[in-house]
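Visitor: The following block contains the structure, expressed as structure tokens.
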Amino acid sequence: MLLALAGVDLVVPGWLQLVLATPVQFWLGARFYRAGWKAAKALSGNMDLLVALGTSAAYALSLWLLLTAHPGHMPHLYFEASSVVITLVLLGKYLEGRAKRQATSAIRALSALRPATARRLRKGEEVEVPVAAIRVGDLVVVRPGERIPVDGQVAEGDSHADESLLTGESLPVPKHPGAKVAGGAINGEGRLLVRTTAVGTETVLSRIIRLVEDAQAAKAPIQKLVDKVSAVFVPVVLAIALLTLAVWLLVGAGMEQAIVNAVSVLVIACPCALGLATPTAIMAGTGVAARAGILVKDAESLERATGVDTVVFDKTGTLTEGRPTLVAAEPVGIPADELLRLSAAVQSGSEHPLARAVLAAAADKGLHIPKAAGLRALPGRGVAATVEGRDLRLGSGRLVAELGLDLTPLAAAAERLASEGRTVSYLADAGTGTLLGLLAFGDPVKVGAVEAVRRLAARGLRTVLLTGDNVGSAHAAARTLGITEVVAEVLPEDKAAAVAALKAKGAKVAMVGDGVNDAPALAAADLGLAMGSGTDVAMQAAGITLMRGDPALVGDALDLARRTYAKIRQNLFWAFAYNVLGIPLAALGLLSPMVAGAAMAFSSVSVVSNALLLYRWTPGR
């Protein structure tokens, strides 16, 4: 069909066209007949009814022309047109179905965080039982490195818990008797005895799953736009075709001429360009996006991106690296390098994130790290070791207080660093009772994050920082990034509520995040953008994934989504414009079915060409 427009005539024998087109029309296209019949019984029109009518008209006309053709004469047939329409519209249906399957996989990924079993302690005996058998008030044993199976309160033991997937907190949180723990978090170095406070649907993780499900269920598909137009378009086309048949019969034309003109109306109204409008723009847009490191899930995301006026960022792992680094060292009575050297020795046997930061800083300076003896963890407080004959302690202010040391020499520095959102650790010599200095840790801002925020502000977009981190850390990061609105220390359900509050005030919100804790907010926002460096749950809950985890891609994604959806609207306009121009000409008998088919093909070429213009887009424009 397309080659014929260029003057190349490669005609397949008519009977072979019939054999090839029939299974496409009635086997692959059966879903359109079923859906179209339901719409007809309900006295409503939709895309499926339009496809069924248009392709059936082209197929039936071709079959009639083939059966009535004179021997040795090859009539112009439209079998290929009906087959192409069905194939392309099915492609659009496939893309929509794939997006729905991806949405449900987010829920499966969240559910996978739930441990299947727990160790229940009764009468001094540990028994492994299914998590479903645990009841409120039961004591559960959590060993080092295990995922915590229930929500509860620590009854015994000291440790740290990695709650980054649930709360967004970038550093392990100390856990001691009386502290709350959440199911799904990972226990650190100590054994914990947890008294269960919530099970089943009342746990933090279950509430997150519920929030994602509710937010995703509330979204409407973009395809309803085409169906709404088709609801009016279909009966109008049918009425025009019947009127054409009646008028030509009344003016004395033969039955064959009247039928041909009526079928010409249906052929030129056949929604080939409509079938191409959305999938070609999506394929072109997503292809260009993939080259730029942007994964667009579906056409819904493109539609929602067009109206975004507020961008809400998670902090940890989204705008920051998500791993602590040493940002300051304040010695007392010793050189700064000596403070770092001794601290690295004490941390040499630890896998704690702060320990890795100290060792990395010492390695960067080329310091020789002495051997440490008697390395031991002090759960919830820090670590201890003997280095060069000195009994050293490295840990929190709580540890220093237990040693009875005076923090006055470092009080001002500690207060200043804490106000900047830094995590502070102290090094002390327990043998001599002297304070040697403090180390401060921070989560560095990603390269390009400041420029990414500046670009969004230049486009008139409002930016908000929404994080589970402490207030000091959040405001310090916001000042660096140039973000003026900050909401800190929020739990997952609070994040979704904060997004909902912005939407309630009329804002069109895009949420950018990377963790399980961000999934409800990503799903609740008008548009969710997940960092590819984050969790699968975040990526599945979001409409757009930034594969490189680069904040600069947020602006690129919004721009490309807006351009792609603009192409979809342009394509739909041209698809209907050809019908508006062609249908009256066909009804007046000025277009034969062959010319009508050519016009339909030309409309498809126009739609494809318009969509391919997206390949001229480049990131950062």
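Labels used: A, B, ... for chains in the order of the structure tokens, numbers from 1 for residues in each chain, and numbers from 1 for ligands as shown.
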For region 394-397 of chain A, work out the shell of residues within 6 Å, counting only C-alpha atoms and skipping chain neighbours fewer than 5 positions away, then give it as a list of chain:residue names.

Guide: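 Once the nearby chain positions are removed, what remains is A:Arg381, A:Gly382, A:Val383, A:Ser425, A:Tyr426, A:Leu427.
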
Visitor: Those residues with N, CA and C atoms, as a compact mmCIF listing (two decimals), in the first residue's frame please?

Guide:
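What follows is the written file selection_24.txt:
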```txt
# COMPACT_ATOMS: atom_id res chain seq x y z
N ARG A 381 26.02 2.33 70.55
CA ARG A 381 26.87 3.41 71.03
C ARG A 381 28.08 3.65 70.14
N GLY A 382 28.76 2.57 69.68
CA GLY A 382 29.94 2.75 68.85
C GLY A 382 30.81 1.51 68.83
N VAL A 383 32.14 1.71 68.75
CA VAL A 383 33.09 0.60 68.69
C VAL A 383 34.26 0.90 69.63
N SER A 425 30.43 11.83 65.42
CA SER A 425 31.01 10.77 66.24
C SER A 425 32.23 11.33 66.96
N TYR A 426 32.48 10.81 68.17
CA TYR A 426 33.60 11.29 68.99
C TYR A 426 34.64 10.19 69.16
N LEU A 427 35.93 10.57 69.18
CA LEU A 427 37.01 9.64 69.48
C LEU A 427 37.57 9.99 70.86
```

Visitor: What are the nearest atom pairs, with distances in Å to one decimal, for all residues of region 292-340 of chain A that come at most 6 Å from region 459-470 of chain A, using only C-alpha atoms, set out by chain and rising residue number as JSON lines?

Guide:
```
{"residue": "A:Asp309", "atom": "CA", "partner": "A:Leu461", "partner_atom": "CA", "distance": 5.1}
{"residue": "A:Thr310", "atom": "CA", "partner": "A:Arg462", "partner_atom": "CA", "distance": 4.6}
{"residue": "A:Val311", "atom": "CA", "partner": "A:Thr463", "partner_atom": "CA", "distance": 4.9}
{"residue": "A:Val312", "atom": "CA", "partner": "A:Val464", "partner_atom": "CA", "distance": 4.6}
{"residue": "A:Phe313", "atom": "CA", "partner": "A:Leu465", "partner_atom": "CA", "distance": 4.9}
{"residue": "A:Asp314", "atom": "CA", "partner": "A:Leu466", "partner_atom": "CA", "distance": 5.1}
{"residue": "A:Lys315", "atom": "CA", "partner": "A:Thr467", "partner_atom": "CA", "distance": 5.6}
```

Visitor: May I have the residues from that selection written out with all heavy atoms, as a CSV table (one decimal), in the first residue's frame?

Guide:
```csv
chain,number,residue,atom,x,y,z
A,309,ASP,N,3.3,21.4,37.5
A,309,ASP,CA,3.8,22.7,37.9
A,309,ASP,C,4.6,22.7,39.2
A,309,ASP,O,5.2,23.7,39.6
A,309,ASP,CB,2.6,23.7,38.0
A,309,ASP,CG,1.5,23.3,39.0
A,309,ASP,OD1,1.8,22.5,39.9
A,309,ASP,OD2,0.4,23.7,38.8
A,310,THR,N,4.6,21.5,39.8
A,310,THR,CA,5.3,21.3,41.1
A,310,THR,C,6.1,20.0,41.1
A,310,THR,O,5.5,19.0,40.8
A,310,THR,CB,4.3,21.3,42.3
A,310,THR,OG1,3.6,22.5,42.3
A,310,THR,CG2,5.1,21.2,43.6
A,311,VAL,N,7.4,20.1,41.4
A,311,VAL,CA,8.2,18.9,41.4
A,311,VAL,C,8.7,18.7,42.9
A,311,VAL,O,9.3,19.5,43.5
A,311,VAL,CB,9.5,19.0,40.5
A,311,VAL,CG1,10.3,17.8,40.6
A,311,VAL,CG2,9.1,19.3,39.1
A,312,VAL,N,8.3,17.5,43.4
A,312,VAL,CA,8.6,17.2,44.8
A,312,VAL,C,9.8,16.1,44.8
A,312,VAL,O,9.6,15.1,44.1
A,312,VAL,CB,7.4,16.6,45.5
A,312,VAL,CG1,7.8,16.2,47.0
A,312,VAL,CG2,6.3,17.6,45.6
A,313,PHE,N,10.9,16.4,45.5
A,313,PHE,CA,12.0,15.5,45.5
A,313,PHE,C,12.2,14.8,46.8
A,313,PHE,O,12.0,15.4,47.9
A,313,PHE,CB,13.3,16.4,45.3
A,313,PHE,CG,13.5,16.8,43.9
A,313,PHE,CD1,13.2,18.1,43.5
A,313,PHE,CD2,14.1,15.9,42.9
A,313,PHE,CE1,13.5,18.5,42.2
A,313,PHE,CE2,14.3,16.4,41.6
A,313,PHE,CZ,14.0,17.7,41.2
A,314,ASP,N,12.4,13.5,46.8
A,314,ASP,CA,13.0,12.8,47.9
A,314,ASP,C,14.5,13.3,48.0
A,314,ASP,O,15.0,13.7,47.0
A,314,ASP,CB,12.9,11.3,47.7
A,314,ASP,CG,13.7,10.6,48.8
A,314,ASP,OD1,13.5,10.8,50.0
A,314,ASP,OD2,14.5,9.7,48.4
A,315,LYS,N,15.1,13.2,49.2
A,315,LYS,CA,16.5,13.6,49.3
A,315,LYS,C,17.5,12.5,49.1
A,315,LYS,O,18.3,12.4,48.2
A,315,LYS,CB,16.7,14.3,50.7
A,315,LYS,CG,18.2,14.8,50.8
A,315,LYS,CD,18.4,15.5,52.1
A,315,LYS,CE,18.6,14.5,53.2
A,315,LYS,NZ,20.0,13.9,53.2
```

Visitor: Using CA of Ile369 (chain A) and CA of Glu338 (chain A) as the two end points, give the distance in Å to one decimal.

Guide: 10.0 Å

Visitor: Can you check which residues of region 262-475 of chain A DSSP gives as alpha helix (DSSP H) on the backbone and send them as an MDAnalysis selection string?

Guide: chainID A and resid 262:268 272:291 299:305 336:347 353:364 397:402 408:419 449:458 471:475

Visitor: When you count only C-alpha atoms, which of these residues is closest to Val131 (chain A): A:Pro444, A:Gly183, A:Gly482, A:Gly157?

Guide: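 Among A:Pro444, A:Gly183, A:Gly482, A:Gly157, it is A:Gly183 that comes nearest to Val131 (chain A).
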
Visitor: Can you tell me which residues surround Val127 (chain A) at a distance of at most 12 Å, considering only C-alpha atoms, apart from same-chain residues fewer than 4 positions away, and format the answer as number ranges by chain?

Guide: A: 117-123, 131, 133-134, 138-141

Visitor: So how far away is CA of Pro235 (chain A) from CA of Leu43 (chain A), in Å?

Guide: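 One can read the CA of Leu43 (chain A) to CA of Pro235 (chain A) distance as 9.3 Å.
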
Visitor: Using only C-alpha atoms, which of the listed residues (A:Ile583, A:Ala498, A:Leu560, A:Ala60) sits closest to Thr618 (chain A)?

Guide: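 Selected residue with least distance to Thr618 (chain A): A:Leu560.
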
Visitor: Within 7 Å of Ala281 (chain A), counting only C-alpha atoms, which residues qualify if same-chain residues fewer than 5 places away don't, as a ChimeraX atom specification?

Guide: /A:564,567-568,611

Visitor: Go ahead and compute the interatomic distance for CA of Arg422 (chain A) and CA of Glu489 (chain A), in Å to one decimal.

Guide: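 So the answer is 14.9 Å.
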
Visitor: Just the strand (DSSP E or B) stuff from region 421-559 of chain A, please, per backbone DSSP, written as a ChimeraX atom specification.

Guide: /A:423-429,434-442,445,462-466,485-487,509-513,527-531,544-546

Visitor: Identify which of the residues A:Phe233, A:Val580, A:Val263, A:Ala361 lies closest to Leu245 (chain A), counting only C-alpha atoms when measuring atom-to-atom distances.

Guide: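 The closest residue to Leu245 (chain A) is A:Val263.
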
Visitor: Name the closest residue to Ser159 (chain A) among the candidates A:Gly137, A:Gly72, A:Gly404, A:Pro379; distances are taken between atoms, counting only C-alpha atoms.

Guide: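 Of all the options, A:Pro379 lies closest to Ser159 (chain A).
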
Visitor: Check the smallest atom-to-atom distance from each of A:Ile282, A:Leu354, A:Leu436, A:Leu18 to Leu295 (chain A) using only C-alpha atoms, then report the winner.

Guide: A:Ile282

Visitor: So which one's closest to Phe602 (chain A), A:Tyr578, A:Ala305, A:Ala344, A:Pro115? Using only C-alpha atoms, please.

Guide: A:Tyr578
